[in-house]
file upload.tsv (TSV, C-alpha atoms and all ligand atoms)
chain	number	residue	atom	x	y	z
A	59	MET	CA	107.38	49.27	145.17
A	60	SER	CA	109.24	52.03	143.32
A	61	LYS	CA	108.99	55.54	144.73
A	62	ILE	CA	107.18	58.45	143.08
A	63	PRO	CA	109.61	60.95	141.50
A	64	VAL	CA	109.15	64.54	142.69
A	65	GLY	CA	110.60	67.93	141.80
A	66	ILE	CA	111.16	71.14	143.76
A	67	LEU	CA	110.73	74.62	142.32
A	68	GLY	CA	112.81	77.14	144.29
A	69	ALA	CA	115.10	74.31	145.39
A	70	THR	CA	118.08	76.55	146.13
A	71	GLY	CA	116.24	78.80	148.62
A	72	MET	CA	115.69	78.45	152.33
A	73	VAL	CA	112.37	76.60	152.09
A	74	GLY	CA	113.68	74.58	149.13
A	75	GLN	CA	116.45	73.31	151.40
A	76	HIS	CA	113.92	72.33	154.03
A	77	PHE	CA	112.06	70.40	151.32
A	78	ILE	CA	115.25	68.56	150.39
A	79	LYS	CA	115.98	67.74	154.02
A	80	PHE	CA	112.39	66.66	154.78
A	81	LEU	CA	112.17	64.48	151.65
A	82	ASP	CA	115.49	62.74	152.25
A	83	GLY	CA	114.67	59.07	152.87
A	84	HIS	CA	110.93	59.63	152.36
A	85	PRO	CA	109.12	56.28	151.99
A	86	LEU	CA	106.92	57.37	149.04
A	87	PHE	CA	108.71	60.21	147.27
A	88	GLU	CA	112.10	60.38	145.62
A	89	LEU	CA	113.83	63.60	144.62
A	90	ALA	CA	114.32	63.59	140.84
A	91	TRP	CA	114.39	67.22	139.71
A	92	LEU	CA	115.42	70.60	141.13
A	93	GLY	CA	114.39	73.93	139.64
A	94	ALA	CA	115.47	77.51	140.36
A	95	SER	CA	116.19	80.71	138.45
A	96	GLU	CA	118.32	81.03	135.32
A	97	ARG	CA	121.13	82.15	137.65
A	98	SER	CA	121.29	78.61	139.06
A	99	ALA	CA	120.25	76.56	136.02
A	100	GLY	CA	122.90	74.23	134.63
A	101	LYS	CA	124.93	74.18	137.86
A	102	CYS	CA	125.23	71.17	140.12
A	103	TYR	CA	123.12	71.72	143.24
A	104	THR	CA	126.03	72.25	145.61
A	105	ASP	CA	127.45	74.96	143.34
A	106	ALA	CA	124.08	76.66	142.87
A	107	ALA	CA	122.97	76.68	146.51
A	108	LYS	CA	124.73	77.76	149.67
A	109	TRP	CA	123.46	75.17	152.19
A	110	HIS	CA	122.06	76.97	155.25
A	111	LEU	CA	120.86	74.01	157.31
A	112	GLY	CA	122.89	71.75	159.61
A	113	GLY	CA	125.41	69.38	157.98
A	114	SER	CA	125.67	69.33	154.20
A	115	ALA	CA	123.17	68.92	151.39
A	116	PRO	CA	121.90	65.31	151.23
A	117	ASP	CA	123.23	63.16	148.36
A	118	SER	CA	119.68	63.01	146.96
A	119	ALA	CA	120.10	66.69	146.00
A	120	ALA	CA	123.87	66.99	145.69
A	121	ARG	CA	123.89	64.53	142.76
A	122	LEU	CA	121.36	66.60	140.76
A	123	THR	CA	121.88	69.49	138.34
A	124	VAL	CA	119.57	72.48	138.75
A	125	SER	CA	117.20	73.20	135.87
A	126	ASP	CA	115.44	76.39	134.88
A	127	SER	CA	111.81	76.51	135.98
A	128	LYS	CA	110.02	75.45	132.84
A	129	PRO	CA	107.66	72.47	132.56
A	130	GLY	CA	108.87	69.69	130.31
A	131	ASN	CA	110.93	66.78	131.45
A	132	VAL	CA	109.81	67.25	135.06
A	133	PRO	CA	108.00	64.86	137.47
A	134	LYS	CA	104.22	65.17	137.69
A	135	LEU	CA	104.40	66.11	141.40
A	136	VAL	CA	106.27	69.36	142.00
A	137	PHE	CA	106.73	71.16	145.29
A	138	SER	CA	107.03	74.92	145.04
A	139	ALA	CA	109.14	77.18	147.27
A	140	MET	CA	109.71	80.00	144.82
A	141	ASP	CA	110.11	83.66	145.47
A	142	ALA	CA	106.59	85.12	145.57
A	143	SER	CA	107.50	87.62	142.84
A	144	VAL	CA	107.72	84.81	140.27
A	145	ALA	CA	105.53	82.04	141.71
A	146	THR	CA	102.21	83.03	140.12
A	147	GLU	CA	103.15	82.59	136.48
A	148	ILE	CA	105.51	79.66	136.92
A	149	GLU	CA	103.12	77.65	139.11
A	150	GLN	CA	100.32	78.29	136.61
A	151	ALA	CA	102.50	77.18	133.69
A	152	PHE	CA	103.28	73.92	135.48
A	153	ALA	CA	99.63	73.29	136.39
A	154	ALA	CA	98.57	73.99	132.80
A	155	ALA	CA	101.16	71.47	131.60
A	156	GLY	CA	99.63	68.75	133.80
A	157	HIS	CA	101.73	69.00	136.97
A	158	LEU	CA	100.35	68.85	140.47
A	159	VAL	CA	101.96	71.87	142.11
A	160	VAL	CA	102.02	71.61	145.90
A	161	SER	CA	102.92	75.16	146.77
A	162	ASN	CA	104.24	76.87	149.81
A	163	SER	CA	104.04	80.36	148.31
A	164	LYS	CA	101.32	82.84	149.19
A	165	ASN	CA	100.35	83.60	145.58
A	166	HIS	CA	97.38	81.24	145.06
A	167	ARG	CA	96.29	80.60	148.65
A	168	MET	CA	93.24	82.83	148.57
A	169	ASP	CA	92.16	82.00	145.00
A	170	ARG	CA	88.53	80.90	145.11
A	171	ASP	CA	89.19	77.57	143.38
A	172	VAL	CA	92.49	76.64	145.09
A	173	PRO	CA	92.57	74.44	148.20
A	174	LEU	CA	94.36	76.02	151.18
A	175	LEU	CA	95.01	72.69	152.75
A	176	VAL	CA	95.77	71.40	156.23
A	177	PRO	CA	95.10	67.67	155.91
A	178	GLU	CA	94.00	67.30	159.52
A	179	ILE	CA	91.44	70.09	159.11
A	180	ASN	CA	90.01	70.36	155.63
A	181	ALA	CA	90.94	67.38	153.44
A	182	ASP	CA	87.52	67.76	151.79
A	183	HIS	CA	88.64	71.12	150.32
A	184	LEU	CA	90.50	69.02	147.73
A	185	LYS	CA	87.12	68.83	146.00
A	186	LEU	CA	87.92	72.34	144.67
A	187	ILE	CA	90.42	70.79	142.27
A	188	ALA	CA	87.76	69.56	139.82
A	189	GLY	CA	86.37	73.10	139.46
A	190	GLN	CA	89.86	74.59	139.27
A	191	GLN	CA	90.74	72.34	136.34
A	192	ALA	CA	87.41	73.07	134.62
A	193	ASN	CA	87.64	76.86	135.18
A	194	ARG	CA	91.20	77.21	134.03
A	195	GLY	CA	91.45	74.42	131.47
A	196	TRP	CA	94.34	72.88	133.39
A	197	LYS	CA	95.30	69.21	133.26
A	198	GLY	CA	97.20	69.66	136.52
A	199	ALA	CA	96.36	71.69	139.62
A	200	VAL	CA	97.69	73.95	142.36
A	201	VAL	CA	97.27	73.08	146.03
A	202	THR	CA	98.63	75.36	148.74
A	203	ASN	CA	99.58	75.28	152.41
A	204	PRO	CA	99.06	78.19	154.78
A	205	ASN	CA	101.29	80.93	156.08
A	206	CYS	CA	103.62	79.66	158.81
A	207	SER	CA	101.76	81.39	161.67
A	208	THR	CA	98.29	80.63	160.31
A	209	ILE	CA	98.95	76.91	160.41
A	210	VAL	CA	99.82	77.04	164.12
A	211	LEU	CA	96.68	79.02	164.91
A	212	THR	CA	94.37	76.88	162.79
A	213	MET	CA	95.71	73.58	164.11
A	214	ALA	CA	95.06	74.83	167.65
A	215	LEU	CA	91.58	76.12	166.77
A	216	ALA	CA	90.45	73.14	164.68
A	217	PRO	CA	89.58	70.92	167.67
A	218	LEU	CA	87.54	73.80	169.13
A	219	VAL	CA	85.35	74.58	166.09
A	220	GLN	CA	82.73	72.17	167.47
A	221	PHE	CA	82.08	74.64	170.33
A	222	GLY	CA	81.13	77.47	167.94
A	223	ILE	CA	84.03	79.92	167.65
A	224	THR	CA	82.75	83.49	167.35
A	225	ARG	CA	85.81	85.71	167.94
A	226	VAL	CA	89.57	85.16	168.07
A	227	VAL	CA	92.37	87.54	169.02
A	228	THR	CA	95.88	86.23	168.45
A	229	THR	CA	99.36	87.67	169.01
A	230	THR	CA	102.30	86.05	167.27
A	231	LEU	CA	105.95	85.82	168.35
A	232	GLN	CA	107.59	84.78	165.10
A	233	ALA	CA	111.03	83.30	164.60
A	234	VAL	CA	113.62	84.94	162.35
A	235	SER	CA	113.82	81.86	160.08
A	236	GLY	CA	110.32	82.78	158.85
A	237	ALA	CA	111.92	85.69	156.99
A	238	GLY	CA	114.10	83.38	154.88
A	239	TYR	CA	117.89	83.83	154.54
A	240	PRO	CA	119.58	86.19	155.44
A	241	GLY	CA	116.28	87.51	156.75
A	242	VAL	CA	116.18	90.18	159.47
A	243	PRO	CA	119.53	91.94	160.11
A	244	SER	CA	121.02	90.90	163.47
A	245	MET	CA	121.35	94.55	164.54
A	246	ASP	CA	117.58	94.91	164.19
A	247	ILE	CA	116.48	91.75	166.00
A	248	LEU	CA	119.00	90.92	168.75
A	249	GLY	CA	117.64	92.13	172.09
A	250	ASN	CA	114.58	93.47	170.28
A	251	VAL	CA	110.99	92.86	169.19
A	252	ILE	CA	109.78	94.15	165.82
A	253	PRO	CA	106.01	94.72	165.97
A	254	TYR	CA	105.43	94.60	162.21
A	255	ILE	CA	105.67	91.88	159.54
A	256	GLY	CA	104.33	93.18	156.24
A	257	GLY	CA	101.05	91.56	155.13
A	258	GLU	CA	101.18	88.94	157.87
A	259	GLU	CA	98.19	90.05	159.95
A	260	GLU	CA	95.89	90.10	156.93
A	261	LYS	CA	97.13	86.65	155.86
A	262	ILE	CA	96.41	85.14	159.27
A	263	GLN	CA	92.97	86.70	159.45
A	264	GLN	CA	91.84	85.67	155.96
A	265	GLU	CA	93.56	82.29	155.70
A	266	THR	CA	92.19	81.14	159.07
A	267	GLN	CA	88.63	81.78	157.93
A	268	LYS	CA	89.21	79.90	154.65
A	269	ILE	CA	90.94	76.90	156.24
A	270	LEU	CA	88.26	76.48	158.89
A	271	GLY	CA	85.51	77.21	156.35
A	272	THR	CA	83.16	74.80	154.62
A	273	PHE	CA	83.30	73.39	151.07
A	274	ALA	CA	80.37	74.96	149.21
A	275	GLY	CA	80.45	73.53	145.68
A	276	ASP	CA	82.75	75.87	143.78
A	277	HIS	CA	84.29	77.77	146.72
A	278	ILE	CA	84.90	77.69	150.46
A	279	ALA	CA	82.36	79.46	152.65
A	280	PRO	CA	84.63	81.08	155.25
A	281	LEU	CA	84.28	80.50	158.96
A	282	THR	CA	82.14	83.39	160.15
A	283	ALA	CA	84.21	83.98	163.31
A	284	LYS	CA	86.04	87.32	163.47
A	285	VAL	CA	89.81	86.95	163.69
A	286	SER	CA	92.22	89.71	164.76
A	287	ALA	CA	96.00	89.18	164.60
A	288	HIS	CA	98.96	91.14	166.00
A	289	CYS	CA	102.28	90.00	164.50
A	290	ASN	CA	105.74	90.41	166.02
A	291	ARG	CA	109.21	89.23	164.98
A	292	VAL	CA	111.27	88.04	167.96
A	293	ALA	CA	114.84	86.82	168.45
A	294	VAL	CA	114.01	83.10	168.17
A	295	ILE	CA	115.61	80.98	165.42
A	296	ASP	CA	112.87	78.39	164.74
A	297	GLY	CA	109.31	78.18	166.05
A	298	HIS	CA	106.37	80.55	165.88
A	299	THR	CA	104.51	81.02	169.16
A	300	VAL	CA	100.94	82.35	169.10
A	301	THR	CA	98.88	83.46	172.09
A	302	VAL	CA	95.16	83.08	171.50
A	303	SER	CA	91.97	84.36	173.17
A	304	VAL	CA	88.74	82.73	171.96
A	305	GLU	CA	85.05	83.43	172.37
A	306	PHE	CA	82.50	80.64	171.81
A	307	SER	CA	78.77	80.56	171.13
A	308	SER	CA	78.47	77.64	173.58
A	309	GLN	CA	79.96	77.34	177.06
A	310	PRO	CA	82.66	74.65	176.91
A	311	SER	CA	84.38	73.80	180.18
A	312	GLU	CA	88.15	73.60	180.61
A	313	ALA	CA	87.80	69.82	180.57
A	314	ASP	CA	85.86	69.97	177.27
A	315	LEU	CA	88.62	72.01	175.65
A	316	ARG	CA	91.46	69.90	177.05
A	317	ASN	CA	89.71	66.77	175.87
A	318	ALA	CA	89.18	68.28	172.41
A	319	PHE	CA	92.89	69.12	172.08
A	320	GLU	CA	94.04	65.76	173.38
A	321	THR	CA	91.78	63.53	171.30
A	322	PHE	CA	92.05	65.46	168.01
A	323	ARG	CA	92.87	63.09	165.18
A	324	ALA	CA	91.88	63.19	161.53
A	325	ILE	CA	92.38	61.63	158.08
A	326	PRO	CA	96.24	61.74	158.08
A	327	GLN	CA	96.27	59.82	161.36
A	328	GLU	CA	93.55	57.36	160.24
A	329	ARG	CA	95.43	56.69	156.98
A	330	ASN	CA	98.79	56.61	158.74
A	331	LEU	CA	100.33	59.08	156.26
A	332	PRO	CA	104.14	58.93	156.58
A	333	SER	CA	104.64	62.51	157.84
A	334	ALA	CA	101.55	62.64	160.05
A	335	PRO	CA	102.23	62.76	163.78
A	336	LYS	CA	100.16	60.33	165.88
A	337	PHE	CA	98.49	63.27	167.61
A	338	PRO	CA	98.73	66.51	165.58
A	339	VAL	CA	97.84	68.73	168.56
A	340	GLN	CA	99.52	67.94	171.86
A	341	TYR	CA	98.67	69.65	175.14
A	342	LEU	CA	101.59	70.33	177.49
A	343	PRO	CA	100.39	70.65	181.10
A	344	GLU	CA	103.48	72.41	182.52
A	345	ALA	CA	102.79	76.05	183.43
A	346	ASP	CA	105.67	77.40	181.32
A	347	ARG	CA	105.29	75.39	178.10
A	348	PRO	CA	105.34	75.21	175.11
A	349	GLN	CA	108.70	76.93	174.48
A	350	PRO	CA	110.46	77.09	171.09
A	351	ARG	CA	113.83	75.98	172.43
A	352	LYS	CA	112.45	72.98	174.31
A	353	ASP	CA	109.58	71.84	172.14
A	354	VAL	CA	109.80	72.92	168.53
A	355	GLU	CA	112.01	70.07	167.24
A	356	ARG	CA	109.93	67.33	168.88
A	357	GLU	CA	107.92	64.97	166.64
A	358	ARG	CA	109.96	66.06	163.57
A	359	GLY	CA	108.47	69.55	163.89
A	360	MET	CA	105.04	68.34	162.71
A	361	VAL	CA	103.01	68.85	165.91
A	362	CYS	CA	101.21	71.96	167.16
A	363	PHE	CA	101.96	72.15	170.90
A	364	VAL	CA	99.34	73.86	173.06
A	365	GLY	CA	99.52	74.92	176.71
A	366	ARG	CA	98.46	77.42	179.37
A	367	LEU	CA	94.71	76.94	178.83
A	368	ARG	CA	92.93	79.29	181.24
A	369	GLU	CA	89.89	81.51	181.51
A	370	CYS	CA	89.96	84.84	179.68
A	371	PRO	CA	88.21	87.74	181.44
A	372	VAL	CA	87.45	89.41	178.09
A	373	PHE	CA	86.66	86.45	175.84
A	374	ASP	CA	85.99	82.92	177.19
A	375	TRP	CA	89.30	81.04	177.12
A	376	LYS	CA	92.93	81.72	176.28
A	377	PHE	CA	95.96	79.56	175.57
A	378	VAL	CA	99.39	79.42	173.89
A	379	ALA	CA	100.36	77.39	170.79
A	380	LEU	CA	103.71	76.68	169.12
A	381	GLY	CA	104.67	75.19	165.75
A	382	HIS	CA	107.80	74.77	163.64
A	383	ASN	CA	107.53	77.50	161.00
A	384	THR	CA	109.80	76.00	158.36
A	385	VAL	CA	108.59	72.42	158.88
A	386	ARG	CA	104.89	72.38	159.82
A	387	GLY	CA	104.65	75.92	158.46
A	388	ALA	CA	106.37	75.19	155.14
A	389	ALA	CA	108.10	72.05	153.79
A	390	GLY	CA	106.55	69.46	156.13
A	391	ALA	CA	103.09	70.89	155.54
A	392	ALA	CA	103.47	70.63	151.76
A	393	VAL	CA	104.84	67.08	151.92
A	394	LEU	CA	101.88	66.04	154.09
A	395	ASN	CA	99.58	67.66	151.52
A	396	ALA	CA	101.22	65.56	148.80
A	397	GLU	CA	100.83	62.43	150.92
A	398	LEU	CA	97.12	63.24	151.20
A	399	LEU	CA	96.91	63.70	147.40
A	400	HIS	CA	98.58	60.30	146.99
A	401	SER	CA	96.19	58.63	149.44
A	402	GLU	CA	93.27	60.14	147.49
A	403	GLY	CA	94.60	58.58	144.27
A	404	LEU	CA	95.25	62.02	142.75
A	405	LEU	CA	98.89	61.45	141.79
A	406	GLY	CA	97.97	59.02	139.01
B	501	LIG	P1	114.50	82.32	149.14
B	501	LIG	O1	115.48	81.70	150.07
B	501	LIG	O2	114.72	83.71	148.69
B	501	LIG	O3	114.43	81.35	147.83
B	501	LIG	C1	113.75	81.75	146.66
B	501	LIG	C2	113.84	80.67	145.59
B	501	LIG	O4	113.15	81.16	144.43
B	501	LIG	C3	115.27	80.34	145.15
B	501	LIG	O5	115.37	78.96	144.88
B	501	LIG	C4	115.40	81.13	143.86
B	501	LIG	O6	116.35	80.56	142.94
B	501	LIG	C5	114.01	81.00	143.30
B	501	LIG	N1	113.76	82.01	142.28
B	501	LIG	C6	113.98	83.35	142.35
B	501	LIG	N2	113.70	83.94	141.18
B	501	LIG	C7	113.30	82.96	140.34
B	501	LIG	C8	112.88	82.92	138.99
B	501	LIG	N3	112.83	84.04	138.24
B	501	LIG	N4	112.55	81.73	138.45
B	501	LIG	C9	112.58	80.60	139.19
B	501	LIG	N5	112.99	80.56	140.48
B	501	LIG	C10	113.34	81.72	141.05
B	501	LIG	O7	113.02	82.27	149.74
B	501	LIG	P2	112.40	81.31	150.88
B	501	LIG	O8	112.54	81.92	152.22
B	501	LIG	O9	112.89	79.90	150.65
B	501	LIG	O10	110.84	81.39	150.54
B	501	LIG	C11	110.32	80.76	149.37
B	501	LIG	C12	108.81	80.91	149.34
B	501	LIG	O11	108.25	80.27	150.48
B	501	LIG	C13	108.36	82.37	149.39
B	501	LIG	O12	107.22	82.49	148.56
B	501	LIG	C14	108.00	82.58	150.85
B	501	LIG	O13	107.04	83.57	151.03
B	501	LIG	C15	107.44	81.21	151.23
B	501	LIG	N6	107.53	80.85	152.65
B	501	LIG	C16	108.69	80.99	153.36
B	501	LIG	C17	108.74	80.57	154.68
B	501	LIG	C18	110.00	80.66	155.51
B	501	LIG	O14	109.96	80.22	156.66
B	501	LIG	N7	111.11	81.19	154.97
B	501	LIG	C19	107.64	79.99	155.29
B	501	LIG	C20	106.49	79.84	154.55
B	501	LIG	C21	106.45	80.27	153.23
B	501	LIG	P3	117.85	81.17	142.77
B	501	LIG	O15	118.66	80.65	143.94
B	501	LIG	O16	118.30	80.61	141.48
B	501	LIG	O17	117.72	82.66	142.80
call {"tool": "encode", "arguments": {"input": "upload.tsv", "output": "structure tokens"}}
result
Amino acid sequence: MSKIPVGILGATGMVGQHFIKFLDGHPLFELAWLGASERSAGKCYTDAAKWHLGGSAPDSAARLTVSDSKPGNVPKLVFSAMDASVATEIEQAFAAAGHLVVSNSKNHRMDRDVPLLVPEINADHLKLIAGQQANRGWKGAVVTNPNCSTIVLTMALAPLVQFGITRVVTTTLQAVSGAGYPGVPSMDILGNVIPYIGGEEEKIQQETQKILGTFAGDHIAPLTAKVSAHCNRVAVIDGHTVTVSVEFSSQPSEADLRNAFETFRAIPQERNLPSAPKFPVQYLPEADRPQPRKDVERERGMVCFVGRLRECPVFDWKFVALGHNTVRGAAGAAVLNAELLHSEGLLG
């Protein structure tokens, strides 16, 4: 069976490169088009982009010429990793022209009619697409994935929603790769912790409620739990760690929570989607895990690792979670979203 051609908007950037790497050898999708700014358009990919990841750019990208970011002779399925300052208008132009834009940018995540998708958690939020197309007169659509810390938190919380989450306090320890390239100056981050990442706490608080919310016809009714986030940049290269304290309306035992983490499976696992890990949340019983250096690259970076579940004297329970910010928090998340769209028959 021939593969489905795909394009990448923002292909020369840091997340664009992760898309190229993650899509290389993909069983369903084949890279056919790369878009970036007018500065890069017309150049071959290796001239337009300085490759920041290990090794060199895969042949699947190196053979392509970069185009400017206008719809036209572009595959129907387009991943977006564009600078947030330009993503709104360009993504909308592509959706209006009939493209399915699977976006990693923050711009449309909180739009009332746009799915903020984590396939293991809220595949039914895809039902928003019909209203989105009707509201906006689009033949295509925009689907988004969450902020790179939000996805770690929500994957860890999703198995626990059944116990009635009422309050969450989370503290993040976020890797420097989350700031793109060149990101945070080395003089600021080495031997240091920066207790501020602009806009991040609000994103985690709002996105978590939307992702764990319920489809309500033309919008998502947010999870009513209160969520408070403290965000910190730390001297880690890849992997966002989040510590989490949770209060429940019921009284789950430690065994209930462990069992919920360990048995959590959902549509991507049932449908055997190519990028879905067998178990999306994995509990590590060792007292000092998960750790970015030891765990973040396991399972292709697609798993949320949880550990250190223990009683919280203020709320009910607390634990630690870790996820790969540029894979599960960016390119891998979007590719899994596209695999879900394909399995739903939405790619045509
Ligand atoms: P980046 O390295 O700065 O890359 C930005 C990309 O946008 C480049 O390909 C750039 O092309 C393109 N671009 C800039 N201006 C453009 C224009 N006028 N028209 C079309 N394309 C244009 O940024 P990044 O770190 O990859 O982040 C990309 C997006 O993903 C951002 O929205 C960011 O918030 C989000 N995100 C990042 C991470 C992360 O871990 N870094 C995680 C989650 C989400 P040129 O090379 O031609 O300028």
call {"tool": "residues_near_point", "arguments": {"input": "upload.tsv", "point": "(88.6, 73.8, 165.2)", "cutoff": "10 Å", "atoms": "all atoms listed in the file", "output": "compact mmCIF listing (two decimals) with C-alpha atoms, in the frame of the given file"}}
result
# COMPACT_ATOMS: atom_id res chain seq x y z
CA ILE A 179 91.44 70.09 159.11
CA LEU A 211 96.68 79.02 164.91
CA THR A 212 94.37 76.88 162.79
CA MET A 213 95.71 73.58 164.11
CA ALA A 214 95.06 74.83 167.65
CA LEU A 215 91.58 76.12 166.77
CA ALA A 216 90.45 73.14 164.68
CA PRO A 217 89.58 70.92 167.67
CA LEU A 218 87.54 73.80 169.13
CA VAL A 219 85.35 74.58 166.09
CA GLN A 220 82.73 72.17 167.47
CA PHE A 221 82.08 74.64 170.33
CA GLY A 222 81.13 77.47 167.94
CA ILE A 223 84.03 79.92 167.65
CA ILE A 269 90.94 76.90 156.24
CA LEU A 270 88.26 76.48 158.89
CA GLY A 271 85.51 77.21 156.35
CA ALA A 318 89.18 68.28 172.41
CA PHE A 319 92.89 69.12 172.08
CA PHE A 322 92.05 65.46 168.01
call {"tool": "atom_distance", "arguments": {"input": "upload.tsv", "atom1": "atom CA of A:Val339", "atom2": "atom O11 of ligand LIG 501 (chain B)"}}
result
23.8 Å
call {"tool": "residues_near_ligand", "arguments": {"input": "upload.tsv", "ligand": "ligand LIG 501 (chain B)", "cutoff": "6 Å", "atoms": "all atoms listed in the file", "output": "PyMOL selection string"}}
result
chain A and resi 68-74+94-95+97-98+127+139-142+144+162-164+205-206+235-239+383-384+387-388
call {"tool": "write_last_selection", "arguments": {"input": "upload.tsv", "atoms": "C-alpha atoms", "output": "CSV table (one decimal), in the coordinates of the input"}}
result
chain,number,residue,atom,x,y,z
A,68,GLY,CA,112.8,77.1,144.3
A,69,ALA,CA,115.1,74.3,145.4
A,70,THR,CA,118.1,76.6,146.1
A,71,GLY,CA,116.2,78.8,148.6
A,72,MET,CA,115.7,78.4,152.3
A,73,VAL,CA,112.4,76.6,152.1
A,74,GLY,CA,113.7,74.6,149.1
A,94,ALA,CA,115.5,77.5,140.4
A,95,SER,CA,116.2,80.7,138.4
A,97,ARG,CA,121.1,82.2,137.6
A,98,SER,CA,121.3,78.6,139.1
A,127,SER,CA,111.8,76.5,136.0
A,139,ALA,CA,109.1,77.2,147.3
A,140,MET,CA,109.7,80.0,144.8
A,141,ASP,CA,110.1,83.7,145.5
A,142,ALA,CA,106.6,85.1,145.6
A,144,VAL,CA,107.7,84.8,140.3
A,162,ASN,CA,104.2,76.9,149.8
A,163,SER,CA,104.0,80.4,148.3
A,164,LYS,CA,101.3,82.8,149.2
A,205,ASN,CA,101.3,80.9,156.1
A,206,CYS,CA,103.6,79.7,158.8
A,235,SER,CA,113.8,81.9,160.1
A,236,GLY,CA,110.3,82.8,158.8
A,237,ALA,CA,111.9,85.7,157.0
A,238,GLY,CA,114.1,83.4,154.9
A,239,TYR,CA,117.9,83.8,154.5
A,383,ASN,CA,107.5,77.5,161.0
A,384,THR,CA,109.8,76.0,158.4
A,387,GLY,CA,104.6,75.9,158.5
A,388,ALA,CA,106.4,75.2,155.1
call {"tool": "residues_around", "arguments": {"input": "upload.tsv", "residues": "A:Thr230", "least_positions_apart": "5", "cutoff": "6 Å", "atoms": "all atoms listed in the file", "output": "JSON, numbers by chain"}}
result
{"A": [289, 290, 299, 300]}
call {"tool": "write_last_selection", "arguments": {"input": "upload.tsv", "atoms": "C-alpha atoms", "output": "compact mmCIF listing (two decimals), in the coordinates of the input"}}
result
# COMPACT_ATOMS: atom_id res chain seq x y z
CA CYS A 289 102.28 90.00 164.50
CA ASN A 290 105.74 90.41 166.02
CA THR A 299 104.51 81.02 169.16
CA VAL A 300 100.94 82.35 169.10
call {"tool": "closest_residue", "arguments": {"input": "upload.tsv", "among": "A:Val292, A:Leu367, A:Ile66, A:Ala188", "to": "A:Ser138", "atoms": "all atoms listed in the file"}}
result
A:Ile66
call {"tool": "closest_residue", "arguments": {"input": "upload.tsv", "among": "A:Glu305, A:Glu402, A:Asp182, A:Asp169", "to": "A:Thr202", "atoms": "all atoms listed in the file"}}
result
A:Asp169
call {"tool": "closest_residue", "arguments": {"input": "upload.tsv", "among": "A:Lys336, A:Lys261, A:Arg347, A:Arg225", "to": "A:Ser303", "atoms": "only C-alpha atoms"}}
result
A:Arg225
call {"tool": "residues_near_point", "arguments": {"input": "upload.tsv", "point": "(106.1, 82.2, 164.2)", "cutoff": "6 Å", "atoms": "all atoms listed in the file", "output": "CSV table (one decimal) with C-alpha atoms, in the coordinates of the input"}}
result
chain,number,residue,atom,x,y,z
A,207,SER,CA,101.8,81.4,161.7
A,231,LEU,CA,106.0,85.8,168.4
A,232,GLN,CA,107.6,84.8,165.1
A,233,ALA,CA,111.0,83.3,164.6
A,297,GLY,CA,109.3,78.2,166.0
A,298,HIS,CA,106.4,80.6,165.9
A,299,THR,CA,104.5,81.0,169.2
A,383,ASN,CA,107.5,77.5,161.0
call {"tool": "atom_distance", "arguments": {"input": "upload.tsv", "atom1": "atom CA of A:Val226", "atom2": "atom CA of A:Pro343"}}
result
22.3 Å
